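S.K.: Hey, dropping query_30.tsv in here, TSV, C-alpha atoms:
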chain	number	residue	atom	x	y	z
A	804	MET	CA	0.00	0.00	0.00
A	805	SER	CA	3.01	2.32	0.38
A	806	ASN	CA	3.01	2.96	-3.39
A	807	LEU	CA	-0.64	3.97	-3.21
A	808	VAL	CA	0.05	6.49	-0.43
A	809	SER	CA	2.92	7.91	-2.50
A	810	TYR	CA	0.58	8.27	-5.49
A	811	LEU	CA	-1.95	10.15	-3.34
A	812	PHE	CA	0.77	12.68	-2.54
A	813	GLU	CA	2.33	12.70	-6.03
A	814	THR	CA	-0.96	13.37	-7.87
A	815	LYS	CA	-2.07	15.82	-5.14
A	816	ALA	CA	-5.10	13.62	-4.50
A	817	ILE	CA	-4.49	14.60	-0.87
A	818	ARG	CA	-3.61	18.26	-0.33
A	819	PHE	CA	-2.62	19.76	2.99
A	820	CYS	CA	-3.34	23.41	3.69
A	821	ALA	CA	-0.63	25.98	4.15
A	822	GLU	CA	-0.03	27.00	7.75
A	823	ASN	CA	-3.01	28.96	9.15
A	824	LYS	CA	-4.91	28.68	5.85
A	825	PRO	CA	-7.41	25.81	6.16
A	826	PHE	CA	-9.52	24.79	3.20
A	827	TRP	CA	-13.19	25.66	2.88
A	828	TYR	CA	-15.42	22.58	2.47
A	829	THR	CA	-18.73	22.55	0.58
A	830	SER	CA	-20.59	22.25	3.89
A	831	GLY	CA	-19.32	25.64	5.07
A	832	LYS	CA	-16.92	24.06	7.53
A	833	ILE	CA	-13.14	24.27	7.28
A	834	GLY	CA	-10.32	21.77	7.58
A	835	PRO	CA	-6.58	21.25	7.08
A	836	TYR	CA	-6.70	18.79	4.17
A	837	PHE	CA	-8.63	18.19	0.98
A	838	ILE	CA	-9.07	14.89	-0.86
A	839	ASN	CA	-9.69	14.32	-4.57
A	840	THR	CA	-9.17	10.56	-4.73
A	841	HIS	CA	-9.99	10.43	-8.44
A	842	PHE	CA	-6.70	12.25	-9.17
A	843	VAL	CA	-4.95	8.84	-8.89
A	844	TYR	CA	-6.50	8.25	-12.32
A	845	GLY	CA	-3.08	9.59	-13.30
A	846	SER	CA	-3.18	13.32	-12.71
A	847	GLU	CA	-5.55	16.16	-11.89
A	848	LYS	CA	-5.75	16.99	-15.61
A	849	ASP	CA	-6.63	13.42	-16.64
A	850	ALA	CA	-9.20	13.12	-13.84
A	851	THR	CA	-10.84	16.45	-14.66
A	852	GLU	CA	-11.10	15.48	-18.33
A	853	LEU	CA	-12.78	12.15	-17.51
A	854	LEU	CA	-15.22	13.85	-15.14
A	855	SER	CA	-16.15	16.36	-17.87
A	856	PHE	CA	-16.58	13.48	-20.32
A	857	ILE	CA	-18.93	11.70	-17.89
A	858	ASP	CA	-20.96	14.90	-17.51
A	859	GLU	CA	-21.31	15.13	-21.30
A	860	CYS	CA	-22.55	11.52	-21.49
A	861	LEU	CA	-25.00	11.61	-18.55
A	862	SER	CA	-28.02	12.37	-20.73
A	863	ASP	CA	-27.85	8.84	-22.20
A	864	LYS	CA	-27.69	6.46	-19.25
A	865	LEU	CA	-27.71	3.36	-21.42
A	866	SER	CA	-24.65	4.16	-23.53
A	867	LEU	CA	-22.65	5.86	-20.77
A	868	PRO	CA	-21.18	2.72	-19.10
A	869	ASN	CA	-19.58	1.54	-22.36
A	870	LYS	CA	-18.22	5.00	-23.17
A	871	VAL	CA	-16.69	5.42	-19.70
A	872	PHE	CA	-15.30	1.89	-19.72
A	873	LYS	CA	-13.44	2.51	-23.00
A	874	LYS	CA	-11.80	5.58	-21.44
A	875	VAL	CA	-10.75	3.86	-18.18
A	876	LEU	CA	-9.53	0.74	-19.99
A	877	LYS	CA	-7.28	2.83	-22.23
A	878	GLN	CA	-5.98	4.74	-19.18
A	879	TYR	CA	-5.37	1.43	-17.37
A	880	GLN	CA	-3.34	0.21	-20.34
A	881	THR	CA	-1.25	3.38	-20.69
A	882	ASN	CA	-0.92	5.11	-17.28
A	883	ILE	CA	1.45	3.51	-14.77
A	884	ILE	CA	-0.01	5.22	-11.68
A	885	TYR	CA	-3.62	4.32	-12.49
A	886	LYS	CA	-2.72	0.73	-13.43
A	887	ASP	CA	-0.81	0.25	-10.19
A	888	VAL	CA	-3.69	1.69	-8.11
A	889	ILE	CA	-6.25	-0.56	-9.84
A	890	ASP	CA	-4.06	-3.67	-9.58
A	891	THR	CA	-3.51	-2.92	-5.88
A	892	MET	CA	-7.26	-2.59	-5.37
A	893	LYS	CA	-7.99	-5.82	-7.26
A	894	GLU	CA	-5.43	-7.76	-5.21
A	895	PHE	CA	-6.78	-6.27	-1.97
A	896	ILE	CA	-10.35	-7.29	-2.89
A	897	GLU	CA	-9.30	-10.84	-3.82
A	898	LYS	CA	-7.46	-11.16	-0.50
A	899	ASN	CA	-10.22	-9.75	1.73
A	900	ILE	CA	-13.53	-10.59	0.01
A	901	ASN	CA	-14.78	-13.97	-1.24
A	902	ILE	CA	-15.30	-13.01	-4.87
A	903	SER	CA	-17.06	-16.31	-5.68
A	904	GLU	CA	-19.94	-15.10	-3.48
A	905	ILE	CA	-20.23	-11.74	-5.30
A	906	ASP	CA	-22.68	-11.54	-8.21
A	907	TYR	CA	-22.19	-7.91	-9.23
A	908	ILE	CA	-19.83	-4.95	-8.84
A	909	SER	CA	-21.58	-1.59	-8.47
A	910	GLY	CA	-20.44	2.03	-8.67
A	911	GLY	CA	-22.34	5.27	-8.13
A	912	GLU	CA	-22.53	8.46	-10.19
A	913	ARG	CA	-19.87	9.77	-10.91
A	914	ARG	CA	-16.43	9.35	-9.32
A	915	ASP	CA	-17.02	5.71	-8.34
A	916	TRP	CA	-16.93	4.87	-12.07
A	917	PHE	CA	-13.23	5.77	-12.19
A	918	PHE	CA	-12.69	2.55	-10.24
A	919	SER	CA	-15.76	0.28	-10.33
A	920	ASN	CA	-15.94	-0.25	-14.11
A	921	ILE	CA	-12.37	-1.45	-14.57
A	922	ILE	CA	-12.49	-3.56	-11.38
A	923	ALA	CA	-15.68	-5.30	-12.64
A	924	HIS	CA	-13.90	-6.05	-15.93
A	925	LEU	CA	-10.76	-7.42	-14.25
A	926	LEU	CA	-12.79	-9.57	-11.84
A	927	ASN	CA	-15.02	-10.74	-14.71
A	928	LYS	CA	-18.20	-9.60	-12.95
A	929	PRO	CA	-21.19	-7.75	-14.42
A	930	HIS	CA	-21.43	-4.10	-13.39
A	931	LEU	CA	-24.27	-1.99	-12.02
A	932	SER	CA	-24.06	1.74	-12.75
A	933	ILE	CA	-26.16	3.53	-10.10
A	934	TYR	CA	-27.39	7.03	-10.92
A	935	LYS	CA	-28.27	9.73	-8.40
A	936	ASP	CA	-31.98	9.33	-9.24
A	937	LEU	CA	-31.63	5.66	-8.09
A	938	SER	CA	-32.00	4.23	-11.61
A	939	VAL	CA	-29.61	1.35	-12.39
A	940	VAL	CA	-27.99	0.15	-15.62
A	941	GLU	CA	-26.62	-3.40	-15.78
A	942	SER	CA	-23.62	-4.12	-18.05
A	943	ASP	CA	-21.63	-7.28	-18.74
A	944	SER	CA	-17.99	-7.34	-17.67
A	945	ASN	CA	-16.83	-6.11	-21.11
A	946	PHE	CA	-19.51	-3.38	-21.17
A	947	THR	CA	-20.69	-4.49	-24.63
A	948	ASN	CA	-24.31	-4.99	-23.54
A	949	SER	CA	-26.16	-2.68	-21.16
A	950	LYS	CA	-29.78	-2.44	-20.05
A	951	ILE	CA	-31.80	-0.46	-17.54
A	952	ILE	CA	-33.08	-2.82	-14.87
A	953	THR	CA	-35.93	-2.55	-12.38
A	954	SER	CA	-35.60	-5.97	-10.73
A	955	LEU	CA	-32.64	-8.05	-9.60
A	956	GLN	CA	-33.63	-10.67	-7.08
A	957	ASP	CA	-31.40	-11.94	-4.27
A	958	LYS	CA	-28.02	-10.95	-5.70
A	959	LYS	CA	-24.95	-10.00	-3.66
A	960	VAL	CA	-23.27	-6.77	-4.68
A	961	LEU	CA	-19.80	-5.34	-3.97
A	962	HIS	CA	-19.83	-1.53	-4.23
A	963	ILE	CA	-16.60	0.17	-5.31
A	964	ALA	CA	-16.09	3.87	-4.53
A	965	ASP	CA	-13.36	6.47	-4.54
A	966	LEU	CA	-13.89	7.79	-1.03
A	967	ILE	CA	-15.99	7.38	2.09
A	968	THR	CA	-16.57	10.21	4.56
A	969	VAL	CA	-19.84	9.79	6.49
A	970	ALA	CA	-21.40	7.39	3.92
A	971	SER	CA	-24.16	9.87	2.98
A	972	SER	CA	-24.21	8.78	-0.70
A	973	TYR	CA	-24.49	5.14	0.35
A	974	ILE	CA	-27.35	5.80	2.77
A	975	ARG	CA	-29.19	8.21	0.46
A	976	ALA	CA	-28.73	6.47	-2.88
A	977	TRP	CA	-26.53	3.43	-3.46
A	978	ILE	CA	-27.92	1.07	-0.79
A	979	PRO	CA	-31.61	1.98	-1.47
A	980	ALA	CA	-31.13	1.68	-5.27
A	981	ILE	CA	-29.91	-1.92	-4.99
A	982	LYS	CA	-32.49	-2.73	-2.28
A	983	ASN	CA	-35.27	-1.44	-4.58
A	984	LEU	CA	-34.20	-4.06	-7.13
A	985	GLY	CA	-34.52	-6.87	-4.60
A	986	SER	CA	-30.80	-7.33	-3.90
A	987	LYS	CA	-28.24	-6.15	-1.35
A	988	ILE	CA	-24.90	-4.36	-1.20
A	989	CYS	CA	-23.10	-6.76	1.12
A	990	SER	CA	-19.58	-5.32	0.82
A	991	SER	CA	-17.91	-2.02	0.00
A	992	CYS	CA	-14.33	-1.23	-0.96
A	993	VAL	CA	-13.04	2.34	-1.29
A	994	VAL	CA	-9.64	3.77	-2.12
A	995	VAL	CA	-9.67	6.25	0.79
A	996	ASP	CA	-11.54	6.26	4.10
A	997	ARG	CA	-11.57	9.71	5.71
A	998	MET	CA	-12.21	8.00	9.07
A	999	GLN	CA	-15.23	10.16	9.86
A	1000	GLY	CA	-17.70	7.42	10.77
A	1001	GLY	CA	-18.64	6.14	7.32
A	1002	LYS	CA	-17.36	2.61	7.93
A	1003	GLU	CA	-19.41	2.31	11.11
A	1004	LYS	CA	-22.56	3.59	9.34
A	1005	LEU	CA	-22.13	1.02	6.57
A	1006	GLU	CA	-21.61	-1.81	9.02
A	1007	ALA	CA	-24.78	-0.74	10.84
A	1008	GLU	CA	-26.52	-1.27	7.47
A	1009	GLY	CA	-25.04	-4.78	7.21
A	1010	VAL	CA	-22.35	-3.77	4.68
A	1011	LYS	CA	-18.79	-5.04	5.28
A	1012	ALA	CA	-16.57	-2.01	4.67
A	1013	PHE	CA	-12.98	-2.10	3.40
A	1014	SER	CA	-10.54	0.67	2.43
A	1015	LEU	CA	-7.05	0.73	0.97
A	1016	VAL	CA	-5.90	3.92	2.73
A	1017	GLN	CA	-7.10	5.50	5.98
A	1018	VAL	CA	-6.67	9.23	6.59
A	1019	ASP	CA	-5.29	9.17	10.12
A	1020	THR	CA	-2.29	10.19	12.20
A	1021	ASN	CA	-0.11	7.53	10.49
A	1022	LEU	CA	-0.76	9.15	7.10
A	1023	PHE	CA	0.03	12.61	8.51
A	1024	LYS	CA	3.28	11.29	10.03
A	1025	LYS	CA	4.29	9.85	6.64
A	1026	ALA	CA	3.64	13.25	5.00
A	1027	PHE	CA	5.79	14.89	7.69
A	1028	ASP	CA	8.60	12.33	7.22
A	1029	LEU	CA	8.55	13.04	3.47
A	1030	ASN	CA	8.82	16.82	4.16
A	1031	ILE	CA	5.43	17.42	2.54
A	1032	ILE	CA	4.24	19.20	5.70
A	1033	ASN	CA	5.99	20.96	8.59
A	1034	GLU	CA	5.60	20.51	12.34
A	1035	ALA	CA	2.91	23.19	12.74
A	1036	GLN	CA	0.84	21.60	9.96
A	1037	LEU	CA	1.32	18.16	11.52
A	1038	SER	CA	0.11	19.48	14.86
A	1039	MET	CA	-3.04	20.96	13.32
A	1040	LEU	CA	-3.76	17.73	11.40
A	1041	ASN	CA	-3.38	15.58	14.51
A	1042	ASN	CA	-5.61	17.93	16.53
A	1043	PHE	CA	-8.18	17.98	13.73
A	1044	PHE	CA	-8.21	14.18	13.58
A	1045	ALA	CA	-8.89	14.00	17.34
A	1046	ASP	CA	-11.51	16.79	17.41
A	1047	PRO	CA	-12.43	18.35	14.02
A	1048	ASP	CA	-14.99	20.89	15.20
A	1049	GLY	CA	-13.17	21.86	18.39
A	1050	THR	CA	-9.87	22.37	16.53
A	1051	MET	CA	-11.42	24.54	13.80
A	1052	LYS	CA	-13.48	26.54	16.31
A	1053	GLN	CA	-10.29	27.34	18.22
A	1054	PHE	CA	-8.55	28.28	14.97
A	1055	LEU	CA	-11.32	30.79	14.18
A	1056	ILE	CA	-11.09	32.26	17.68
A	1057	ASP	CA	-7.30	32.61	17.31
A	1058	HIS	CA	-7.54	34.01	13.75
A	1059	PRO	CA	-10.61	36.30	13.61
A	1060	GLU	CA	-9.33	37.81	10.34
A	1061	PHE	CA	-9.77	34.45	8.53
A	1062	ILE	CA	-13.55	34.75	8.05
A	1063	GLN	CA	-13.38	38.42	7.11
A	1064	ASP	CA	-10.67	37.71	4.52
A	1065	SER	CA	-12.80	34.85	3.15
A	1066	LEU	CA	-15.87	37.09	2.88
A	1067	ASN	CA	-13.77	39.45	0.76
A	1068	SER	CA	-12.44	36.63	-1.42
A	1069	ASP	CA	-13.81	34.94	-4.58
A	1070	GLU	CA	-17.50	34.07	-4.82
A	1071	LYS	CA	-17.14	30.35	-3.97
A	1072	THR	CA	-15.12	31.11	-0.83
A	1073	ARG	CA	-17.49	33.93	0.17
A	1074	LYS	CA	-20.54	31.65	-0.14
A	1075	ARG	CA	-18.93	28.97	2.02
A	1076	ALA	CA	-17.93	31.53	4.65
A	1077	GLN	CA	-21.50	32.83	4.66
A	1078	LEU	CA	-22.76	29.26	5.18
A	1079	LEU	CA	-20.57	28.99	8.26
A	1080	ILE	CA	-21.86	32.29	9.65
A	1081	ASP	CA	-25.55	31.70	8.81
A	1082	GLY	CA	-25.49	28.20	10.23
A	1083	ASN	CA	-23.34	29.11	13.24
A	1084	LEU	CA	-21.56	25.85	12.38
A	1085	TYR	CA	-19.03	25.98	15.20
A	1086	GLY	CA	-21.32	27.40	17.83
Let me see the structure of the file written as structure tokens.
M.R.:
Amino acid sequence: MSNLVSYLFETKAIRFCAENKPFWYTSGKIGPYFINTHFVYGSEKDATELLSFIDECLSDKLSLPNKVFKKVLKQYQTNIIYKDVIDTMKEFIEKNINISEIDYISGGERRDWFFSNIIAHLLNKPHLSIYKDLSVVESDSNFTNSKIITSLQDKKVLHIADLITVASSYIRAWIPAIKNLGSKICSSCVVVDRMQGGKEKLEAEGVKAFSLVQVDTNLFKKAFDLNIINEAQLSMLNNFFADPDGTMKQFLIDHPEFIQDSLNSDEKTRKRAQLLIDGNLYG
């Protein structure tokens, strides 16, 4: 797994904030690191291009799985980083999950498809593309035949995803979509677990949860040892891991100028700062 961690740093899939400049999250909260797991597709540029391509294809749910599969297969055949990440994931799955008991691999709109399609192909399993509206398209392992399905009785599904935080996408969409068909997501494997309670939520739903990399103090120490972060950054990361809200609340108390500067910044930053203020997110 050490190669995988190196790739997360190399592709900037995990970014650490500069000292005293935490990132703004979509929720309106702030934090010292940001994760774009899909960057291990090879680079930020490659990942952004694939995401744009998926967006262009979303209007035709039936043809999308084949189109995306062709892209990821070509990347798998030509990009060393992506191939190594996918091979690592495949080996991990084969070692930890009884694949003979799995009937389908699933992946949810959109970033899951960076990983689930190629894994389904390599494991020779049919694939279920789950859309945000809970519709599901079934494809064979070569993605040559696809069909929209409304029933799939008593099948066991392994869901592949890029990242798990608090498992909101699973609870809101992926698990219900498969349940509506008459089957069950029994296992999940993600590239990165942010260690924010998602694993526990999945296991409460009866889903065995696995991850290749955990964002924890060991990962922060490795970044420090590689001179990616300094001691002050390491301290903030460790404190954030132990108490996210308490650490960021104290940061805002110690740096009252941070919110004011953010309100005077670009529109995206200003909106997120306003969310924090309006919601009184740190009390």
S.K.: Atom CA of A:Arg913 and atom CA of A:Val939, how far apart in Å?
M.R.: 13.0 Å
S.K.: I'd like to know which of A:Ala821, A:Val808, A:Leu861, A:Val940 is closest to A:Ala1035, using all atoms listed in the file.
M.R.: A:Ala821
S.K.: Considering all atoms listed in the file, state which residue in the set A:Ile951, A:Gln1036, A:Tyr836, A:Tyr1085 is at the smallest distance from A:Asp1048.
M.R.: A:Tyr1085
S.K.: Out of A:Leu1037, A:Ile967, A:Thr851, A:Thr1020, which residue has the shortest atom-to-atom distance to A:Gly1000 when counting all atoms listed in the file?
M.R.: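 So, comparing all the options, the nearest one is A:Ile967.
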S.K.: In Å, how far is it from atom CA of A:Lys958 to atom CA of A:Asp906?
M.R.: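 Going from atom CA of A:Lys958 over to atom CA of A:Asp906 covers 5.9 Å.
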S.K.: In terms of the shortest atom-to-atom distance over only C-alpha atoms, which of A:Thr814, A:Ser1065, A:Asn1041, A:Ser1014 is closest to A:Ser991?
M.R.: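 Of all the options, A:Ser1014 lies closest to A:Ser991.
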S.K.: Can you tell me how far atom CA of A:Cys989 sits from atom CA of A:Gly1009, in Å to one decimal?
M.R.: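 Straight-line distance from atom CA of A:Cys989 to atom CA of A:Gly1009 works out to 6.7 Å.
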S.K.: Please define a box with edges along x, y and z of the file around all atoms of stretch 860-872 of chain A given in the file, extend it by 5 Å on each side, and return its centre and edge lengths in Å to one decimal, as lines of an AutoDock Vina configuration file.
M.R.:
center_x = -21.7
center_y = 7.0
center_z = -21.0
size_x = 22.7
size_y = 20.8
size_z = 15.0
